[in-house]
$ cat entry_34.txt   # compact mmCIF, C-alpha atoms
# COMPACT_ATOMS: atom_id res chain seq x y z
CA MET F 1 0.00 0.00 0.00
CA PRO F 2 2.75 2.51 0.77
CA ILE F 3 4.22 1.82 -2.65
CA ILE F 4 0.91 2.59 -4.33
CA PHE F 5 0.56 5.76 -2.26
CA ASP F 6 4.06 6.89 -3.23
CA LYS F 7 3.28 6.35 -6.91
CA LEU F 8 0.02 8.26 -6.52
CA SER F 9 1.81 11.13 -4.79
CA ALA F 10 4.42 11.22 -7.53
CA ALA F 11 1.69 11.34 -10.16
CA VAL F 12 -0.03 14.25 -8.39
CA VAL F 13 3.24 16.15 -8.02
CA GLY F 14 4.03 15.48 -11.66
CA ALA F 15 0.62 16.79 -12.72
CA VAL F 16 1.07 19.95 -10.64
CA VAL F 17 4.52 20.56 -12.12
CA PHE F 18 3.12 20.00 -15.62
CA LEU F 19 0.31 22.49 -15.01
CA LEU F 20 2.76 25.06 -13.65
CA LEU F 21 5.05 24.64 -16.65
CA PHE F 22 2.07 24.74 -19.02
CA GLY F 23 0.86 27.97 -17.41
CA LEU F 24 4.34 29.46 -17.64
CA GLN F 25 4.58 28.52 -21.31
CA ILE F 26 1.20 30.11 -22.02
CA ARG F 27 2.32 33.33 -20.30
CA VAL F 28 5.59 33.36 -22.24
CA GLN F 29 3.77 32.80 -25.53
CA GLY F 30 1.23 35.47 -24.61
CA GLY F 31 4.05 37.88 -23.82
CA ARG F 32 5.71 37.18 -27.16
CA ILE F 33 2.43 37.72 -29.02
CA GLU F 34 1.85 41.00 -27.20
CA ASP F 35 5.42 42.13 -27.92
CA SER F 36 4.85 41.34 -31.59
CA LEU F 37 1.58 43.29 -31.62
CA VAL F 38 3.23 46.26 -29.93
CA TYR F 39 6.12 46.19 -32.41
CA ASN F 40 3.77 46.03 -35.41
CA ALA F 41 1.64 48.86 -34.03
CA LYS F 42 4.76 50.95 -33.48
CA GLN F 43 5.90 50.36 -37.07
CA GLN F 44 2.43 51.24 -38.41
CA THR F 45 2.31 54.40 -36.31
CA LEU F 46 5.76 55.55 -37.43
CA ALA F 47 5.05 54.79 -41.10
CA PHE F 48 1.84 56.83 -41.02
CA ALA F 49 3.49 59.60 -38.97
CA ASP F 50 6.32 59.82 -41.50
CA MET F 51 3.81 60.36 -44.31
CA VAL F 52 1.95 63.04 -42.31
CA GLU F 53 5.17 64.81 -41.34
CA ARG F 54 6.39 64.88 -44.94
CA ASP F 55 3.08 66.32 -46.15
CA LEU F 56 2.87 68.97 -43.45
CA ALA F 57 6.48 70.03 -44.03
CA ASN F 58 5.53 70.72 -47.67
CA THR F 59 2.36 72.65 -46.86
CA GLY F 60 2.18 75.61 -49.24
CA TYR F 61 4.55 74.06 -51.78
CA LEU F 62 5.21 76.56 -54.61
CA SER F 63 2.78 79.06 -53.10
CA VAL F 64 3.14 82.75 -53.87
CA PRO F 65 2.53 85.69 -51.50
CA GLY F 66 -1.16 86.06 -50.72
CA ASP F 67 -2.12 82.46 -51.50
CA ASP F 68 -4.61 80.65 -49.27
CA VAL F 69 -2.62 77.52 -48.49
CA ILE F 70 -5.07 75.79 -46.14
CA ILE F 71 -8.31 75.01 -47.95
CA SER F 72 -10.34 73.30 -45.22
CA HIS F 73 -9.87 72.42 -41.55
CA SER F 74 -12.67 70.91 -39.47
CA SER F 75 -13.19 68.68 -36.43
CA SER F 76 -15.91 66.27 -35.32
CA THR F 77 -16.82 64.71 -31.98
CA TYR F 78 -17.59 61.01 -31.56
CA ASP F 79 -18.65 59.86 -28.07
CA SER F 80 -16.76 62.75 -26.41
CA THR F 81 -13.66 62.11 -28.57
CA THR F 82 -12.81 65.02 -30.86
CA VAL F 83 -10.72 64.37 -33.96
CA THR F 84 -9.72 66.38 -36.99
CA SER F 85 -12.21 64.99 -39.47
CA LEU F 86 -10.94 66.91 -42.52
CA PHE F 87 -7.73 68.75 -43.33
CA GLU F 88 -7.15 69.92 -46.89
CA PHE F 89 -4.28 72.05 -48.14
CA TRP F 90 -1.95 72.77 -51.04
CA GLY F 91 1.20 70.69 -50.88
CA LEU F 92 3.61 68.43 -52.73
CA GLY F 93 1.97 65.49 -54.49
CA ASP F 94 3.42 62.03 -54.96
CA THR F 95 4.14 62.89 -58.59
CA GLY F 96 6.34 65.81 -57.54
CA ILE F 97 3.96 68.60 -58.54
CA ARG F 98 1.87 71.08 -56.55
CA SER F 99 -1.31 69.26 -55.56
CA LYS F 100 -4.22 69.39 -53.16
CA ILE F 101 -3.72 67.04 -50.21
CA ARG F 102 -6.58 65.85 -48.01
CA TYR F 103 -6.66 63.89 -44.75
CA ALA F 104 -10.06 62.53 -43.72
CA ALA F 105 -11.00 60.58 -40.57
CA VAL F 106 -13.43 57.66 -40.92
CA GLN F 107 -14.70 55.84 -37.83
CA ILE F 108 -14.10 52.13 -38.34
CA ASP F 109 -14.26 50.43 -34.96
CA SER F 110 -13.87 50.86 -31.22
CA ALA F 111 -11.00 50.03 -28.87
CA TYR F 112 -10.42 49.72 -25.14
CA VAL F 113 -7.70 52.07 -23.95
CA VAL F 114 -7.00 52.52 -20.24
CA ASP F 115 -10.13 50.55 -19.28
CA LYS F 116 -12.56 52.51 -21.41
CA MET F 117 -13.98 52.17 -24.89
CA VAL F 118 -13.08 54.89 -27.38
CA PRO F 119 -13.81 55.30 -31.09
CA ALA F 120 -11.16 53.98 -33.48
CA PHE F 121 -10.56 55.61 -36.86
CA GLN F 122 -8.77 55.13 -40.11
CA ILE F 123 -7.16 58.28 -41.46
CA GLU F 124 -7.27 58.33 -45.24
CA ARG F 125 -5.00 60.41 -47.46
CA TYR F 126 -6.26 61.75 -50.80
CA GLU F 127 -4.50 63.71 -53.50
CA ASP F 128 -5.73 65.84 -56.39
CA ASP F 129 -3.08 66.79 -58.93
CA GLY F 130 -5.62 68.41 -61.23
CA PHE F 131 -7.31 65.23 -62.45
CA GLY F 132 -9.61 64.48 -59.51
CA TRP F 133 -9.22 63.02 -56.04
CA ASN F 134 -7.48 59.68 -55.53
CA MET F 135 -6.84 57.81 -52.30
CA THR F 136 -3.08 57.41 -51.99
CA GLY F 137 -2.55 56.19 -48.43
CA ALA F 138 -4.12 55.41 -45.07
CA SER F 139 -3.35 54.69 -41.44
CA SER F 140 -4.27 51.54 -39.56
CA ALA F 141 -7.90 51.20 -38.46
CA GLN F 142 -6.95 51.65 -34.78
CA ILE F 143 -6.24 55.40 -34.63
CA THR F 144 -7.64 56.76 -31.36
CA GLU F 145 -6.30 60.31 -31.65
CA PHE F 146 -5.82 62.51 -34.70
CA THR F 147 -5.66 66.20 -33.92
CA ILE F 148 -4.32 68.94 -36.17
CA GLN F 149 -4.04 72.41 -34.65
CA LEU F 150 -3.25 75.61 -36.52
CA LEU F 151 -1.01 78.02 -34.61
CA ASP F 152 0.37 81.50 -35.21
CA GLU F 153 4.02 82.43 -34.73
CA ASN F 154 3.42 82.81 -30.97
CA ASN F 155 1.89 79.32 -30.56
CA ASN F 156 -1.64 80.69 -30.21
CA VAL F 157 -4.56 78.95 -31.92
CA ALA F 158 -5.03 80.57 -35.32
CA ILE F 159 -7.50 80.66 -38.18
CA PRO F 160 -6.26 79.15 -41.48
CA SER F 161 -5.27 82.47 -43.06
CA ASN F 162 -3.14 83.44 -40.03
CA ALA F 163 -1.59 80.03 -39.39
CA ARG F 164 2.19 79.83 -39.38
CA GLN F 165 2.63 76.47 -37.63
CA ILE F 166 0.87 73.10 -37.66
CA ARG F 167 0.74 70.82 -34.62
CA VAL F 168 -0.37 67.21 -35.05
CA ARG F 169 -1.02 64.50 -32.46
CA ILE F 170 -1.58 60.83 -33.33
CA GLY F 171 -2.62 57.93 -31.08
CA ASN F 172 -2.71 54.31 -32.23
CA ALA F 173 -4.27 51.54 -30.10
CA VAL F 174 -2.60 48.15 -29.78
CA ALA F 175 -5.16 45.34 -30.10
CA VAL F 176 -4.37 42.47 -27.72
CA ASN F 177 -7.42 40.17 -27.59
CA PRO F 178 -10.65 40.12 -29.59
CA MET F 179 -13.74 41.01 -27.60
CA SER F 180 -17.35 40.70 -28.72
CA THR F 181 -19.86 43.42 -27.87
CA SER F 182 -23.48 44.18 -28.57
CA THR F 183 -22.55 46.97 -30.98
CA GLU F 184 -22.70 46.59 -34.73
CA HIS F 185 -18.93 46.79 -35.09
CA LYS F 186 -16.51 44.23 -33.74
CA SER F 187 -14.53 45.78 -30.92
CA THR F 188 -11.03 44.96 -29.79
CA LEU F 189 -9.34 45.02 -26.42
CA ALA F 190 -6.34 47.34 -26.51
CA GLY F 191 -3.85 47.33 -23.68
CA ARG F 192 -1.57 50.08 -24.94
CA GLU F 193 -1.65 53.21 -27.04
CA MET F 194 1.18 54.54 -29.18
CA LYS F 195 1.55 58.33 -29.16
CA TRP F 196 3.30 60.57 -31.68
CA GLY F 197 3.31 64.31 -32.21
CA ILE F 198 5.18 67.15 -33.86
CA THR F 199 4.90 70.89 -34.49
CA ILE F 200 6.06 72.13 -37.90
CA ALA F 201 6.47 75.64 -39.33
CA PRO F 202 6.28 75.12 -43.12
CA ARG F 203 7.86 77.85 -45.20
CA GLY F 204 4.76 77.97 -47.42
CA LEU F 205 2.55 79.09 -44.52
CA SER F 206 4.60 82.25 -44.03
CA LEU F 207 3.33 83.49 -47.41
CA GLN F 208 -0.34 83.38 -46.43
CA GLY F 209 -1.86 86.85 -46.39
CA TYR F 210 1.49 88.45 -47.26
CA GLN F 211 1.04 91.14 -49.88
CA GLY F 212 4.68 92.22 -50.20
$ encode --input "entry_34.txt" --output "structure tokens"
Amino acid sequence: MPIIFDKLSAAVVGAVVFLLLFGLQIRVQGGRIEDSLVYNAKQQTLAFADMVERDLANTGYLSVPGDDVIISHSSSTYDSTTVTSLFEFWGLGDTGIRSKIRYAAVQIDSAYVVDKMVPAFQIERYEDDGFGWNMTGASSAQITEFTIQLLDENNNVAIPSNARQIRVRIGNAVAVNPMSTSTEHKSTLAGREMKWGITIAPRGLSLQGYQG
């Protein structure tokens, strides 16, 4: 009987050790998956931010004194989240000529960030080089912040004709686990949020309203 008991005890201990190792392996794999998701989100954020920065730096490309460089700038609020819904301006097109550039926010989904659900957007880039608008780029569908502010030379909020600087803020949620909700859109559980921002003073903006 003692022999049987010893074998039973060994089996129980072995099972406990196996469960502990299995749990550890699951946590390690989960950590690797999350690290991969964070890395991919970071790369997506930086790729989109690079495109935005390049466009904003060329705001007013080939403008002449007195030109209205910024064509349209508007914001919208979704569930207490305010984003720049439309930003249109004269800039440098992908073909290397002066073109109209447009950024438009489209709500795609929702995401959990810091224990609360927030709207998630895709920011779409359009370009008109004189032959109509064409979509030429877009962000991921997990943008939680997209704010473009127009500032004067003293960092005060400005109207388009008086703007001399452009400040942009971007937030990108990192989806960790799928989560079903009662809403029409599939929502995702996001544990982190990538943030990026910059303030640029394009040379082309300095020509707005200048009459010589």
$ closest_atom_pairs --input "entry_34.txt" --of "stretch 117-165 of chain F" --to "stretch 47-65 of chain F" --cutoff "10 Å" --atoms "all atoms listed in the file" --output "Markdown table"
| residue | atom | partner | partner_atom | distance |
| --- | --- | --- | --- | --- |
| F:Ile123 | CA | F:Phe48 | CA | 9.1 |
| F:Arg125 | CA | F:Val52 | CA | 9.0 |
| F:Gly137 | CA | F:Phe48 | CA | 8.6 |
| F:Ala138 | CA | F:Phe48 | CA | 7.3 |
| F:Ser139 | CA | F:Phe48 | CA | 5.6 |
| F:Ser140 | CA | F:Phe48 | CA | 8.2 |
| F:Gln165 | CA | F:Leu56 | CA | 9.5 |
$ atom_distance --input "entry_34.txt" --atom1 "atom CA of F:Val168" --atom2 "atom CA of F:Phe146"
7.2 Å
$ closest_residue --input "entry_34.txt" --among "F:Val83, F:Val69, F:Ala120, F:Met194" --to "F:Ile101" --atoms "all atoms listed in the file"
F:Val69
$ residues_near_point --input "entry_34.txt" --point "(0.7, 70.8, -36.1)" --cutoff "7 Å" --atoms "all atoms listed in the file" --output "number ranges by chain"
F: 148-150, 165-168, 198-200
$ closest_residue --input "entry_34.txt" --among "F:Asp152, F:Asp129, F:Asp35, F:Glu145" --to "F:Gly93" --atoms "all atoms listed in the file"
F:Asp129
$ closest_residue --input "entry_34.txt" --among "F:Thr82, F:Ala111, F:Thr144, F:Ser99" --to "F:Gly132" --atoms "only C-alpha atoms"
F:Ser99
$ atom_distance --input "entry_34.txt" --atom1 "atom CA of F:Leu207" --atom2 "atom CA of F:Trp90"
12.5 Å
$ closest_residue --input "entry_34.txt" --among "F:Leu151, F:Asp79, F:Ile97, F:Lys116" --to "F:Leu205" --atoms "all atoms listed in the file"
F:Leu151
